[in-house]
$ cat protein39.txt   # compact mmCIF, C-alpha atoms
# COMPACT_ATOMS: atom_id res chain seq x y z
CA MET A 16 22.01 -31.80 -53.80
CA LYS A 17 20.51 -29.49 -51.18
CA PHE A 18 19.24 -30.82 -47.86
CA GLY A 19 16.26 -29.95 -45.72
CA LEU A 20 15.15 -31.11 -42.30
CA PHE A 21 11.34 -31.31 -42.06
CA SER A 22 8.93 -31.90 -39.19
CA LEU A 23 5.21 -32.56 -38.81
CA VAL A 24 5.64 -32.00 -35.06
CA ALA A 25 4.12 -35.36 -34.15
CA ASN A 26 4.01 -35.82 -30.38
CA HIS A 27 4.18 -39.59 -29.94
CA PRO A 28 5.03 -41.43 -26.73
CA ASP A 29 8.60 -42.67 -26.52
CA PRO A 30 8.44 -46.24 -27.90
CA VAL A 31 10.65 -47.53 -25.08
CA THR A 32 9.55 -45.57 -22.00
CA GLY A 33 5.99 -44.73 -23.06
CA VAL A 34 6.47 -41.13 -21.89
CA THR A 35 4.93 -38.39 -24.05
CA PRO A 36 6.61 -34.96 -24.02
CA THR A 37 4.48 -32.05 -22.92
CA GLN A 38 3.13 -29.94 -25.76
CA HIS A 39 5.36 -27.08 -24.63
CA GLU A 40 8.43 -29.34 -24.76
CA ARG A 41 7.56 -30.66 -28.21
CA LEU A 42 6.93 -27.23 -29.69
CA ARG A 43 10.14 -25.81 -28.23
CA ARG A 44 12.02 -28.72 -29.77
CA VAL A 45 11.03 -27.42 -33.22
CA ILE A 46 12.93 -24.18 -32.59
CA ASP A 47 15.95 -25.97 -31.14
CA GLU A 48 15.97 -28.46 -34.02
CA ALA A 49 15.90 -25.69 -36.62
CA ILE A 50 18.81 -23.89 -34.95
CA PHE A 51 20.74 -27.16 -34.80
CA ALA A 52 19.98 -27.86 -38.48
CA GLU A 53 21.41 -24.48 -39.45
CA GLU A 54 24.52 -25.10 -37.33
CA LEU A 55 25.03 -28.46 -39.06
CA GLY A 56 24.81 -26.88 -42.52
CA PHE A 57 21.36 -27.99 -43.65
CA ASP A 58 19.99 -25.76 -46.39
CA ALA A 59 16.36 -25.66 -45.23
CA TYR A 60 14.04 -26.35 -42.33
CA GLY A 61 10.38 -27.15 -42.92
CA VAL A 62 7.23 -27.43 -40.82
CA GLY A 63 4.19 -29.28 -42.13
CA GLU A 64 0.53 -28.69 -41.34
CA ARG A 65 -1.85 -31.04 -39.58
CA HIS A 66 -5.04 -30.43 -37.60
CA GLY A 67 -5.48 -33.14 -34.98
CA GLU A 68 -3.62 -35.53 -32.70
CA PRO A 69 -0.82 -36.49 -32.44
CA PHE A 70 0.37 -33.50 -34.48
CA LEU A 71 1.01 -30.04 -33.03
CA SER A 72 1.61 -28.35 -36.39
CA SER A 73 -1.72 -26.58 -36.89
CA ALA A 74 -0.04 -23.14 -37.14
CA PRO A 75 3.11 -23.36 -39.31
CA PRO A 76 3.37 -19.58 -39.86
CA VAL A 77 3.70 -19.10 -36.10
CA LEU A 78 6.31 -21.81 -35.67
CA LEU A 79 8.31 -20.70 -38.70
CA ALA A 80 8.23 -17.07 -37.55
CA ALA A 81 9.83 -18.20 -34.29
CA VAL A 82 12.40 -20.17 -36.30
CA ALA A 83 13.08 -17.14 -38.51
CA GLU A 84 13.98 -15.03 -35.47
CA ARG A 85 16.46 -17.61 -34.15
CA THR A 86 18.19 -18.37 -37.47
CA ARG A 87 19.92 -16.32 -40.14
CA ARG A 88 20.70 -18.49 -43.14
CA VAL A 89 18.55 -21.60 -43.36
CA ARG A 90 15.64 -21.56 -45.82
CA LEU A 91 12.14 -21.94 -44.38
CA LEU A 92 9.60 -24.26 -46.00
CA THR A 93 5.94 -25.04 -45.40
CA THR A 94 5.79 -28.80 -45.81
CA LEU A 95 3.04 -28.46 -46.71
CA THR A 96 0.37 -25.72 -46.48
CA VAL A 97 -3.01 -27.46 -46.79
CA ILE A 98 -4.46 -25.02 -49.30
CA SER A 99 -7.57 -27.14 -49.86
CA VAL A 100 -9.00 -26.17 -46.44
CA LEU A 101 -7.67 -22.61 -46.09
CA ASP A 102 -8.65 -19.14 -47.28
CA PRO A 103 -6.11 -18.07 -49.95
CA VAL A 104 -6.29 -14.44 -48.79
CA ARG A 105 -5.27 -15.44 -45.26
CA VAL A 106 -2.53 -17.75 -46.60
CA ALA A 107 -1.09 -14.99 -48.79
CA GLU A 108 -1.07 -12.53 -45.88
CA ASP A 109 0.41 -14.96 -43.33
CA TYR A 110 3.23 -16.24 -45.50
CA ALA A 111 4.16 -12.92 -47.08
CA THR A 112 4.50 -11.58 -43.52
CA LEU A 113 6.76 -14.52 -42.65
CA ASP A 114 8.73 -14.00 -45.86
CA GLN A 115 9.32 -10.35 -44.98
CA LEU A 116 10.32 -11.15 -41.39
CA SER A 117 12.82 -13.75 -42.58
CA GLY A 118 14.35 -11.53 -45.24
CA GLY A 119 13.04 -13.60 -48.15
CA ARG A 120 14.00 -17.03 -46.85
CA LEU A 121 10.55 -18.63 -47.30
CA ASP A 122 9.60 -21.20 -49.91
CA LEU A 123 5.87 -21.89 -49.85
CA MET A 124 4.78 -25.49 -50.50
CA ILE A 125 1.11 -26.21 -51.05
CA GLY A 126 -0.99 -29.34 -51.35
CA LYS A 127 -4.34 -30.95 -50.70
CA GLY A 128 -3.27 -32.68 -47.50
CA ASN A 129 -3.72 -36.39 -46.84
CA ASP A 130 -5.56 -36.30 -43.51
CA PRO A 131 -9.32 -36.79 -44.03
CA ARG A 132 -10.03 -35.13 -40.67
CA HIS A 133 -9.22 -31.73 -42.18
CA PHE A 134 -12.36 -31.44 -44.27
CA PRO A 135 -15.15 -31.83 -41.69
CA LEU A 136 -13.12 -29.72 -39.24
CA PHE A 137 -13.30 -26.80 -41.66
CA GLY A 138 -16.88 -27.50 -42.77
CA LEU A 139 -15.85 -28.85 -46.18
CA GLU A 140 -16.81 -31.90 -48.22
CA GLU A 141 -14.03 -34.44 -48.53
CA GLU A 142 -15.24 -35.59 -51.95
CA ARG A 143 -14.56 -32.12 -53.35
CA GLN A 144 -11.00 -31.87 -52.05
CA TRP A 145 -9.38 -31.74 -55.49
CA GLU A 146 -11.75 -28.98 -56.60
CA TYR A 147 -10.86 -26.99 -53.49
CA GLN A 148 -7.17 -27.42 -54.14
CA ALA A 149 -7.31 -26.36 -57.79
CA GLU A 150 -9.42 -23.25 -57.25
CA LYS A 151 -7.80 -22.09 -54.05
CA PHE A 152 -4.28 -22.55 -55.37
CA ALA A 153 -5.09 -20.60 -58.55
CA LEU A 154 -6.31 -17.71 -56.40
CA LEU A 155 -3.40 -17.92 -53.97
CA ARG A 156 -0.93 -17.84 -56.81
CA ARG A 157 -2.47 -14.66 -58.18
CA LEU A 158 -2.63 -12.97 -54.78
CA TYR A 159 0.97 -13.94 -54.03
CA LEU A 160 2.39 -12.87 -57.38
CA GLU A 161 0.09 -10.09 -58.57
CA GLU A 162 -1.40 -6.80 -57.40
CA GLY A 163 -4.91 -5.51 -58.08
CA VAL A 164 -6.45 -8.99 -58.31
CA THR A 165 -10.05 -9.28 -59.48
CA TRP A 166 -11.41 -12.79 -59.17
CA LYS A 167 -14.58 -14.85 -58.93
CA GLY A 168 -14.90 -18.52 -58.01
CA GLU A 169 -17.10 -21.07 -56.30
CA PHE A 170 -15.70 -21.49 -52.81
CA ARG A 171 -15.36 -17.94 -51.49
CA ALA A 172 -16.66 -14.42 -52.09
CA PRO A 173 -15.43 -12.57 -55.20
CA LEU A 174 -12.52 -10.12 -55.02
CA THR A 175 -12.23 -6.77 -56.78
CA ASP A 176 -8.88 -5.03 -57.27
CA VAL A 177 -7.32 -6.66 -54.18
CA THR A 178 -3.66 -6.39 -53.27
CA THR A 179 -2.87 -8.40 -50.16
CA GLN A 180 -0.42 -6.92 -47.70
CA PRO A 181 2.39 -7.28 -47.05
CA ARG A 182 3.85 -8.36 -50.37
CA PRO A 183 6.37 -11.24 -50.54
CA PHE A 184 10.00 -10.20 -50.04
CA HIS A 185 10.97 -11.12 -53.61
CA ALA A 186 8.93 -10.27 -56.71
CA ARG A 187 8.78 -13.90 -57.93
CA PRO A 188 8.76 -16.20 -54.87
CA ARG A 189 8.96 -19.93 -55.45
CA ILE A 190 5.88 -22.07 -54.76
CA TRP A 191 6.34 -25.85 -54.56
CA HIS A 192 3.61 -28.44 -54.95
CA GLY A 193 3.65 -31.34 -52.51
CA SER A 194 2.62 -34.70 -53.96
CA ALA A 195 2.01 -37.94 -52.09
CA SER A 196 -0.04 -40.30 -54.21
CA SER A 197 -2.06 -38.64 -56.98
CA THR A 198 -1.44 -37.20 -60.43
CA GLU A 199 -3.86 -34.39 -59.56
CA SER A 200 -1.03 -32.64 -57.72
CA THR A 201 1.63 -33.35 -60.33
CA GLU A 202 -0.74 -32.08 -63.02
CA LEU A 203 -1.29 -28.81 -61.15
CA ALA A 204 2.45 -28.28 -60.68
CA ALA A 205 3.17 -28.95 -64.34
CA LYS A 206 0.34 -26.71 -65.53
CA PHE A 207 1.64 -23.69 -63.64
CA GLY A 208 5.32 -24.42 -64.25
CA ASP A 209 6.07 -24.86 -60.55
CA PRO A 210 8.51 -27.22 -58.80
CA LEU A 211 7.33 -30.53 -57.35
CA PHE A 212 8.16 -32.05 -53.97
CA THR A 213 7.35 -35.73 -53.72
CA ALA A 214 6.59 -37.14 -50.27
CA ASN A 215 8.31 -40.46 -51.00
CA GLY A 216 7.19 -41.82 -47.67
CA PHE A 217 4.81 -44.75 -47.47
CA HIS A 218 5.07 -46.61 -50.78
CA PRO A 219 7.67 -48.28 -53.02
CA LYS A 220 9.98 -46.08 -55.05
CA LYS A 221 8.25 -46.90 -58.35
CA LYS A 222 5.02 -45.22 -57.25
CA TYR A 223 6.81 -41.92 -56.68
CA ALA A 224 8.96 -42.32 -59.78
CA ASP A 225 5.79 -42.71 -61.85
CA LEU A 226 4.35 -39.50 -60.34
CA ILE A 227 7.55 -37.61 -61.14
CA ASP A 228 7.56 -39.01 -64.67
CA HIS A 229 3.97 -37.77 -65.06
CA TYR A 230 5.02 -34.33 -63.83
CA ARG A 231 7.91 -34.10 -66.28
CA ARG A 232 5.79 -35.38 -69.17
CA ARG A 233 2.94 -32.96 -68.51
CA TRP A 234 5.46 -30.15 -67.90
CA ALA A 235 6.65 -30.55 -71.49
CA ASP A 236 3.06 -30.91 -72.76
CA TYR A 237 2.26 -27.49 -71.29
CA GLY A 238 5.12 -25.99 -73.28
CA HIS A 239 7.67 -25.53 -70.50
CA ASP A 240 11.35 -26.18 -71.12
CA PRO A 241 12.06 -29.71 -69.78
CA ALA A 242 15.38 -28.48 -68.41
CA ASP A 243 13.53 -26.13 -66.03
CA ALA A 244 11.54 -28.83 -64.20
CA LEU A 245 12.58 -28.98 -60.56
CA VAL A 246 11.98 -31.85 -58.11
CA GLY A 247 12.55 -32.37 -54.40
CA SER A 248 12.03 -35.59 -52.46
CA GLY A 249 11.32 -36.66 -48.92
CA ALA A 250 12.38 -39.84 -47.16
CA GLY A 251 10.41 -42.27 -45.05
CA GLY A 252 12.68 -42.15 -42.02
CA LEU A 253 16.30 -41.37 -41.16
CA TYR A 254 18.65 -43.28 -38.90
CA VAL A 255 22.37 -43.21 -39.68
CA ALA A 256 24.83 -45.11 -37.49
CA LYS A 257 28.42 -46.23 -37.85
CA THR A 258 27.33 -49.71 -38.94
CA SER A 259 24.22 -51.06 -40.64
CA GLN A 260 23.41 -53.29 -37.66
CA GLU A 261 23.56 -50.38 -35.23
CA ALA A 262 21.19 -48.45 -37.49
CA LEU A 263 18.73 -51.34 -37.74
CA ASP A 264 18.76 -51.94 -34.01
CA GLY A 265 18.41 -48.25 -33.24
CA TYR A 266 15.56 -47.52 -35.65
CA ARG A 267 13.51 -50.70 -35.20
CA PRO A 268 11.52 -49.62 -32.11
CA TYR A 269 10.60 -46.36 -33.83
CA PHE A 270 9.50 -48.14 -37.00
CA GLU A 271 7.39 -50.62 -35.02
CA ALA A 272 5.73 -47.78 -33.10
CA LEU A 273 5.10 -45.82 -36.30
CA ALA A 274 3.53 -48.83 -38.02
CA LYS A 275 0.80 -48.86 -35.36
CA THR A 276 -0.19 -45.21 -35.82
CA PRO A 277 -3.42 -44.19 -37.61
CA ALA A 278 -1.46 -42.06 -40.11
CA TYR A 279 0.64 -45.04 -41.21
CA GLN A 280 -2.41 -47.25 -41.52
CA HIS A 281 -4.44 -44.57 -43.31
CA ASN A 282 -1.76 -44.28 -46.00
CA LYS A 283 -1.94 -48.07 -46.52
CA SER A 284 1.80 -48.55 -46.51
CA GLU A 285 2.88 -51.69 -48.31
CA PHE A 286 5.81 -52.28 -45.97
CA THR A 287 5.24 -54.76 -43.16
CA THR A 288 8.84 -54.99 -41.93
CA LEU A 289 11.68 -52.54 -41.50
CA GLU A 290 13.89 -54.59 -43.81
CA ASP A 291 11.24 -54.40 -46.53
CA LYS A 292 10.92 -50.64 -46.17
CA ILE A 293 14.67 -50.16 -46.39
CA ALA A 294 15.01 -52.46 -49.40
CA HIS A 295 12.04 -51.20 -51.43
CA GLY A 296 11.08 -47.87 -49.91
CA SER A 297 12.71 -44.58 -49.09
CA ALA A 298 13.89 -45.09 -45.49
CA LEU A 299 17.46 -43.85 -45.08
CA VAL A 300 18.53 -46.35 -42.45
CA GLY A 301 22.05 -47.74 -42.41
CA SER A 302 25.71 -46.80 -42.37
CA PRO A 303 26.77 -43.52 -44.02
CA GLU A 304 27.90 -45.43 -47.10
CA GLN A 305 24.56 -47.20 -47.40
CA VAL A 306 22.62 -43.96 -47.02
CA ILE A 307 24.78 -42.24 -49.65
CA ASP A 308 24.09 -45.11 -52.05
CA LYS A 309 20.37 -44.98 -51.26
CA ILE A 310 20.11 -41.27 -52.04
CA GLY A 311 22.04 -41.82 -55.25
CA ASP A 312 19.71 -44.65 -56.23
CA SER A 313 16.67 -42.43 -55.64
CA HIS A 314 18.27 -39.63 -57.62
CA ALA A 315 18.73 -41.97 -60.58
CA SER A 316 14.95 -42.47 -60.61
CA PHE A 317 13.74 -39.02 -59.54
CA GLY A 318 16.38 -36.57 -60.69
CA HIS A 319 15.68 -34.60 -57.52
CA GLU A 320 17.80 -31.66 -56.39
CA VAL A 321 16.58 -31.33 -52.80
CA GLN A 322 16.58 -34.19 -50.29
CA ALA A 323 14.41 -33.80 -47.20
CA VAL A 324 14.76 -35.90 -44.06
CA SER A 325 12.99 -36.04 -40.71
CA VAL A 326 13.87 -37.26 -37.25
CA ASP A 327 10.34 -36.95 -35.87
CA GLY A 328 9.80 -39.60 -33.22
CA LEU A 329 13.44 -40.00 -32.21
CA LYS A 330 14.48 -38.95 -28.73
CA THR A 331 16.21 -35.56 -28.72
CA GLY A 332 19.72 -36.79 -27.96
CA GLU A 333 19.42 -39.70 -30.37
CA ALA A 334 18.06 -37.40 -33.10
CA GLN A 335 21.02 -35.08 -32.65
CA ASP A 336 23.49 -37.96 -32.96
CA VAL A 337 21.81 -39.13 -36.16
CA LEU A 338 21.76 -35.64 -37.66
CA GLU A 339 25.39 -34.98 -36.75
CA LEU A 340 26.56 -38.16 -38.47
CA PHE A 341 24.34 -37.48 -41.47
CA ALA A 342 25.71 -33.93 -41.75
CA SER A 343 29.35 -34.95 -41.37
CA ASP A 344 29.51 -38.21 -43.34
CA VAL A 345 26.66 -38.06 -45.87
CA ILE A 346 25.80 -34.50 -46.87
CA PRO A 347 29.26 -33.36 -48.09
CA ILE A 348 29.72 -36.38 -50.35
CA VAL A 349 26.25 -36.21 -51.87
CA ARG A 350 26.52 -32.45 -52.38
CA LYS A 351 29.74 -32.95 -54.29
CA GLU A 352 28.40 -35.77 -56.46
CA LEU A 353 24.91 -34.43 -57.22
CA PRO A 354 24.57 -30.76 -58.21
CA SER A 355 21.54 -28.60 -57.44
CA ARG A 356 20.20 -25.32 -58.85
CA VAL A 357 18.08 -24.54 -55.79
CA TRP A 358 18.80 -21.70 -53.33
CA GLU A 359 21.94 -20.53 -55.03
CA SER A 360 21.42 -17.03 -53.71

$ encode --input "protein39.txt" --output "structure tokens"
Amino acid sequence: MKFGLFSLVANHPDPVTGVTPTQHERLRRVIDEAIFAEELGFDAYGVGERHGEPFLSSAPPVLLAAVAERTRRVRLLTTLTVISVLDPVRVAEDYATLDQLSGGRLDLMIGKGNDPRHFPLFGLEEERQWEYQAEKFALLRRLYLEEGVTWKGEFRAPLTDVTTQPRPFHARPRIWHGSASSTESTELAAKFGDPLFTANGFHPKKKYADLIDHYRRRWADYGHDPADALVGSGAGGLYVAKTSQEALDGYRPYFEALAKTPAYQHNKSEFTTLEDKIAHGSALVGSPEQVIDKIGDSHASFGHEVQAVSVDGLKTGEAQDVLELFASDVIPIVRKELPSRVWES
């Protein structure tokens, strides 16, 4: 198993003190967190994309470029690039530039995005979001992987013999598809033979297992070798402590604050208590042994080879303590028990 630390750069008030970091402080924390993740041995660091409060992640290429200059080994992921609202030409240019600056450490992850505020902000119709995603991704893929692209579609001007510059660092860069709740995304990933990253955040495990099963089934239907299907998975929270009670007590105020946020309510999470989310969802909250077992249980259902976690919302010192314990007592054991083909070179 490979491990990534992801952030949506949410800037929430501290659930205990009520103090909100300044935007400068929160953005600088992204850089510090990525450096710390590399020092701890994480394989990847990812920044998502959101356009509106409380998130400060509207410009992932900028943040990840800053991360690239302060790190040397850790992979960089876009978690995810909201292709449905963006111009594929601009996306290809931005991320190929980042890929070159980082020496080929970028993995692009695309998706529709699950924030309805995106569409009116960019002058788009929310009801056509899946059409946007399908067409814009097909064009992005060609621009990213091919030269001399000639193309015509519905949502932007035609292109004739276009080669975007710069080119990606590697000839065949990996593009992941992020999936949260719909088979539209798993279908697109399977059709193009691309890896899938399941959000695994707000709903019971079975919902995400069903999406992954759909991906693998459609992957084979499209004629791809089933052995080549590749899956990553997120987690709906991380809080590791020496004992399960310490973890519950430590994470509870963060969970209760999160449950009141518009994002949590928009996604219609089925979990009303922390205990319910731990028992039936993806939250990695507990002792190291419990978290190891939880990842193993998810792997039995998903067959994933990358595990992503996030400490968004935790105070800086507390987040560092959680990540240190996770890196020392969880990651080595899971890596040894569950192999991964990702980022071998």

$ closest_atom_pairs --input "protein39.txt" --of "stretch 60-99 of chain A" --to "stretch 131-135 of chain A" --cutoff "12 Å" --atoms "all atoms listed in the file" --output "JSON lines"
{"residue": "A:Glu64", "atom": "CA", "partner": "A:His133", "partner_atom": "CA", "distance": 10.2}
{"residue": "A:Arg65", "atom": "CA", "partner": "A:His133", "partner_atom": "CA", "distance": 7.8}
{"residue": "A:His66", "atom": "CA", "partner": "A:His133", "partner_atom": "CA", "distance": 6.3}
{"residue": "A:Gly67", "atom": "CA", "partner": "A:Arg132", "partner_atom": "CA", "distance": 7.6}
{"residue": "A:Glu68", "atom": "CA", "partner": "A:Arg132", "partner_atom": "CA", "distance": 10.2}
{"residue": "A:Ser73", "atom": "CA", "partner": "A:His133", "partner_atom": "CA", "distance": 10.5}
{"residue": "A:Val97", "atom": "CA", "partner": "A:His133", "partner_atom": "CA", "distance": 8.8}
{"residue": "A:Ile98", "atom": "CA", "partner": "A:His133", "partner_atom": "CA", "distance": 10.9}
{"residue": "A:Ser99", "atom": "CA", "partner": "A:Phe134", "partner_atom": "CA", "distance": 8.5}

$ closest_residue --input "protein39.txt" --among "A:Arg267, A:Arg356, A:Lys292, A:Lys220" --to "A:Asp243" --atoms "only C-alpha atoms"
A:Arg356

$ residues_around --input "protein39.txt" --residues "stretch 339-354 of chain A" --least-positions-apart "4" --cutoff "9 Å" --atoms "only C-alpha atoms" --output "list in words"
Met16, Lys17, Phe18, Ala52, Leu55, Gly56, Phe57, Leu253, Tyr254, Val255, Ala256, Lys257, Pro303, Glu304, Val306, Ile307, Ile310, Gly311, His314, Glu320, Ala334 and Gln335 of chain A

$ closest_residue --input "protein39.txt" --among "A:Val357, A:Gly328, A:Gly247, A:Tyr110" --to "A:Pro36" --atoms "all atoms listed in the file"
A:Gly328

$ atom_distance --input "protein39.txt" --atom1 "atom CA of A:Leu23" --atom2 "atom CA of A:Lys330"
15.1 Å

$ residues_near_point --input "protein39.txt" --point "(0.1, -31.6, -67.8)" --cutoff "6 Å" --atoms "all atoms listed in the file" --output "MDAnalysis selection string"
chainID A and resid 202 205:206 233:234 236:237

$ residues_around --input "protein39.txt" --residues "A:Leu155" --least-positions-apart "5" --cutoff "9 Å" --atoms "all atoms listed in the file" --output "VMD selection string"
chain A and resid 98 102 to 104 106 to 107 150 160

$ closest_residue --input "protein39.txt" --among "A:Gly265, A:Pro219, A:Pro210, A:Pro28" --to "A:Ser297" --atoms "only C-alpha atoms"
A:Pro219

$ closest_residue --input "protein39.txt" --among "A:Gln144, A:Thr32, A:Thr86, A:Asn26" --to "A:Ile46" --atoms "all atoms listed in the file"
A:Thr86

$ build_atoms --input "protein39.txt" --residues "stretch 177-186 of chain A" --atoms "all heavy atoms" --output "short mmCIF file (atom, residue, chain, number, x, y, z; two decimals), keeping the file's coordinate frame"
data_model
loop_
_atom_site.label_atom_id
_atom_site.label_comp_id
_atom_site.auth_asym_id
_atom_site.auth_seq_id
_atom_site.Cartn_x
_atom_site.Cartn_y
_atom_site.Cartn_z
N VAL A 177 -7.91 -6.38 -55.50
CA VAL A 177 -7.32 -6.66 -54.18
C VAL A 177 -5.81 -6.84 -54.29
O VAL A 177 -5.32 -7.59 -55.15
CB VAL A 177 -7.96 -7.91 -53.55
CG1 VAL A 177 -7.17 -8.36 -52.33
CG2 VAL A 177 -9.41 -7.63 -53.17
N THR A 178 -5.10 -6.17 -53.43
CA THR A 178 -3.66 -6.39 -53.27
C THR A 178 -3.41 -6.74 -51.81
O THR A 178 -3.56 -5.89 -50.93
CB THR A 178 -2.85 -5.14 -53.64
OG1 THR A 178 -3.12 -4.79 -55.00
CG2 THR A 178 -1.35 -5.41 -53.47
N THR A 179 -3.09 -8.00 -51.55
CA THR A 179 -2.87 -8.40 -50.16
C THR A 179 -1.58 -7.79 -49.64
O THR A 179 -0.63 -7.55 -50.39
CB THR A 179 -2.80 -9.94 -50.04
OG1 THR A 179 -1.81 -10.45 -50.93
CG2 THR A 179 -4.15 -10.56 -50.35
N GLN A 180 -1.57 -7.54 -48.35
CA GLN A 180 -0.42 -6.92 -47.70
C GLN A 180 -0.01 -7.75 -46.48
O GLN A 180 -0.88 -8.27 -45.80
CB GLN A 180 -0.76 -5.49 -47.27
CG GLN A 180 -1.10 -4.55 -48.40
CD GLN A 180 0.08 -4.24 -49.31
OE1 GLN A 180 1.24 -4.41 -48.92
NE2 GLN A 180 -0.22 -3.81 -50.52
N PRO A 181 1.30 -7.82 -46.24
CA PRO A 181 2.39 -7.28 -47.05
C PRO A 181 2.60 -8.10 -48.32
O PRO A 181 2.00 -9.17 -48.48
CB PRO A 181 3.60 -7.38 -46.12
CG PRO A 181 3.29 -8.57 -45.27
CD PRO A 181 1.81 -8.53 -45.05
N ARG A 182 3.46 -7.62 -49.18
CA ARG A 182 3.85 -8.36 -50.37
C ARG A 182 5.00 -9.30 -50.02
O ARG A 182 5.74 -9.06 -49.05
CB ARG A 182 4.30 -7.41 -51.49
CG ARG A 182 3.30 -6.32 -51.85
CD ARG A 182 1.96 -6.93 -52.24
NE ARG A 182 2.08 -7.81 -53.39
CZ ARG A 182 1.31 -8.88 -53.61
NH1 ARG A 182 0.38 -9.22 -52.72
NH2 ARG A 182 1.48 -9.61 -54.69
N PRO A 183 5.19 -10.39 -50.76
CA PRO A 183 6.37 -11.24 -50.54
C PRO A 183 7.66 -10.44 -50.70
O PRO A 183 7.70 -9.42 -51.39
CB PRO A 183 6.23 -12.31 -51.64
CG PRO A 183 4.76 -12.35 -51.95
CD PRO A 183 4.29 -10.93 -51.80
N PHE A 184 8.71 -10.90 -50.06
CA PHE A 184 10.00 -10.20 -50.04
C PHE A 184 10.56 -10.05 -51.44
O PHE A 184 11.08 -9.00 -51.82
CB PHE A 184 10.97 -10.96 -49.14
CG PHE A 184 12.26 -10.23 -48.88
CD1 PHE A 184 12.36 -9.32 -47.85
CD2 PHE A 184 13.39 -10.49 -49.65
CE1 PHE A 184 13.56 -8.65 -47.59
CE2 PHE A 184 14.59 -9.83 -49.41
CZ PHE A 184 14.67 -8.91 -48.38
N HIS A 185 10.48 -11.14 -52.24
CA HIS A 185 10.97 -11.12 -53.61
C HIS A 185 9.78 -11.03 -54.57
O HIS A 185 8.68 -11.49 -54.26
CB HIS A 185 11.78 -12.37 -53.93
CG HIS A 185 13.03 -12.50 -53.11
ND1 HIS A 185 14.08 -11.62 -53.21
CD2 HIS A 185 13.39 -13.40 -52.16
CE1 HIS A 185 15.05 -11.98 -52.37
NE2 HIS A 185 14.65 -13.05 -51.72
N ALA A 186 10.01 -10.47 -55.74
CA ALA A 186 8.93 -10.27 -56.71
C ALA A 186 8.38 -11.59 -57.24
O ALA A 186 7.18 -11.69 -57.53
CB ALA A 186 9.42 -9.40 -57.87
#
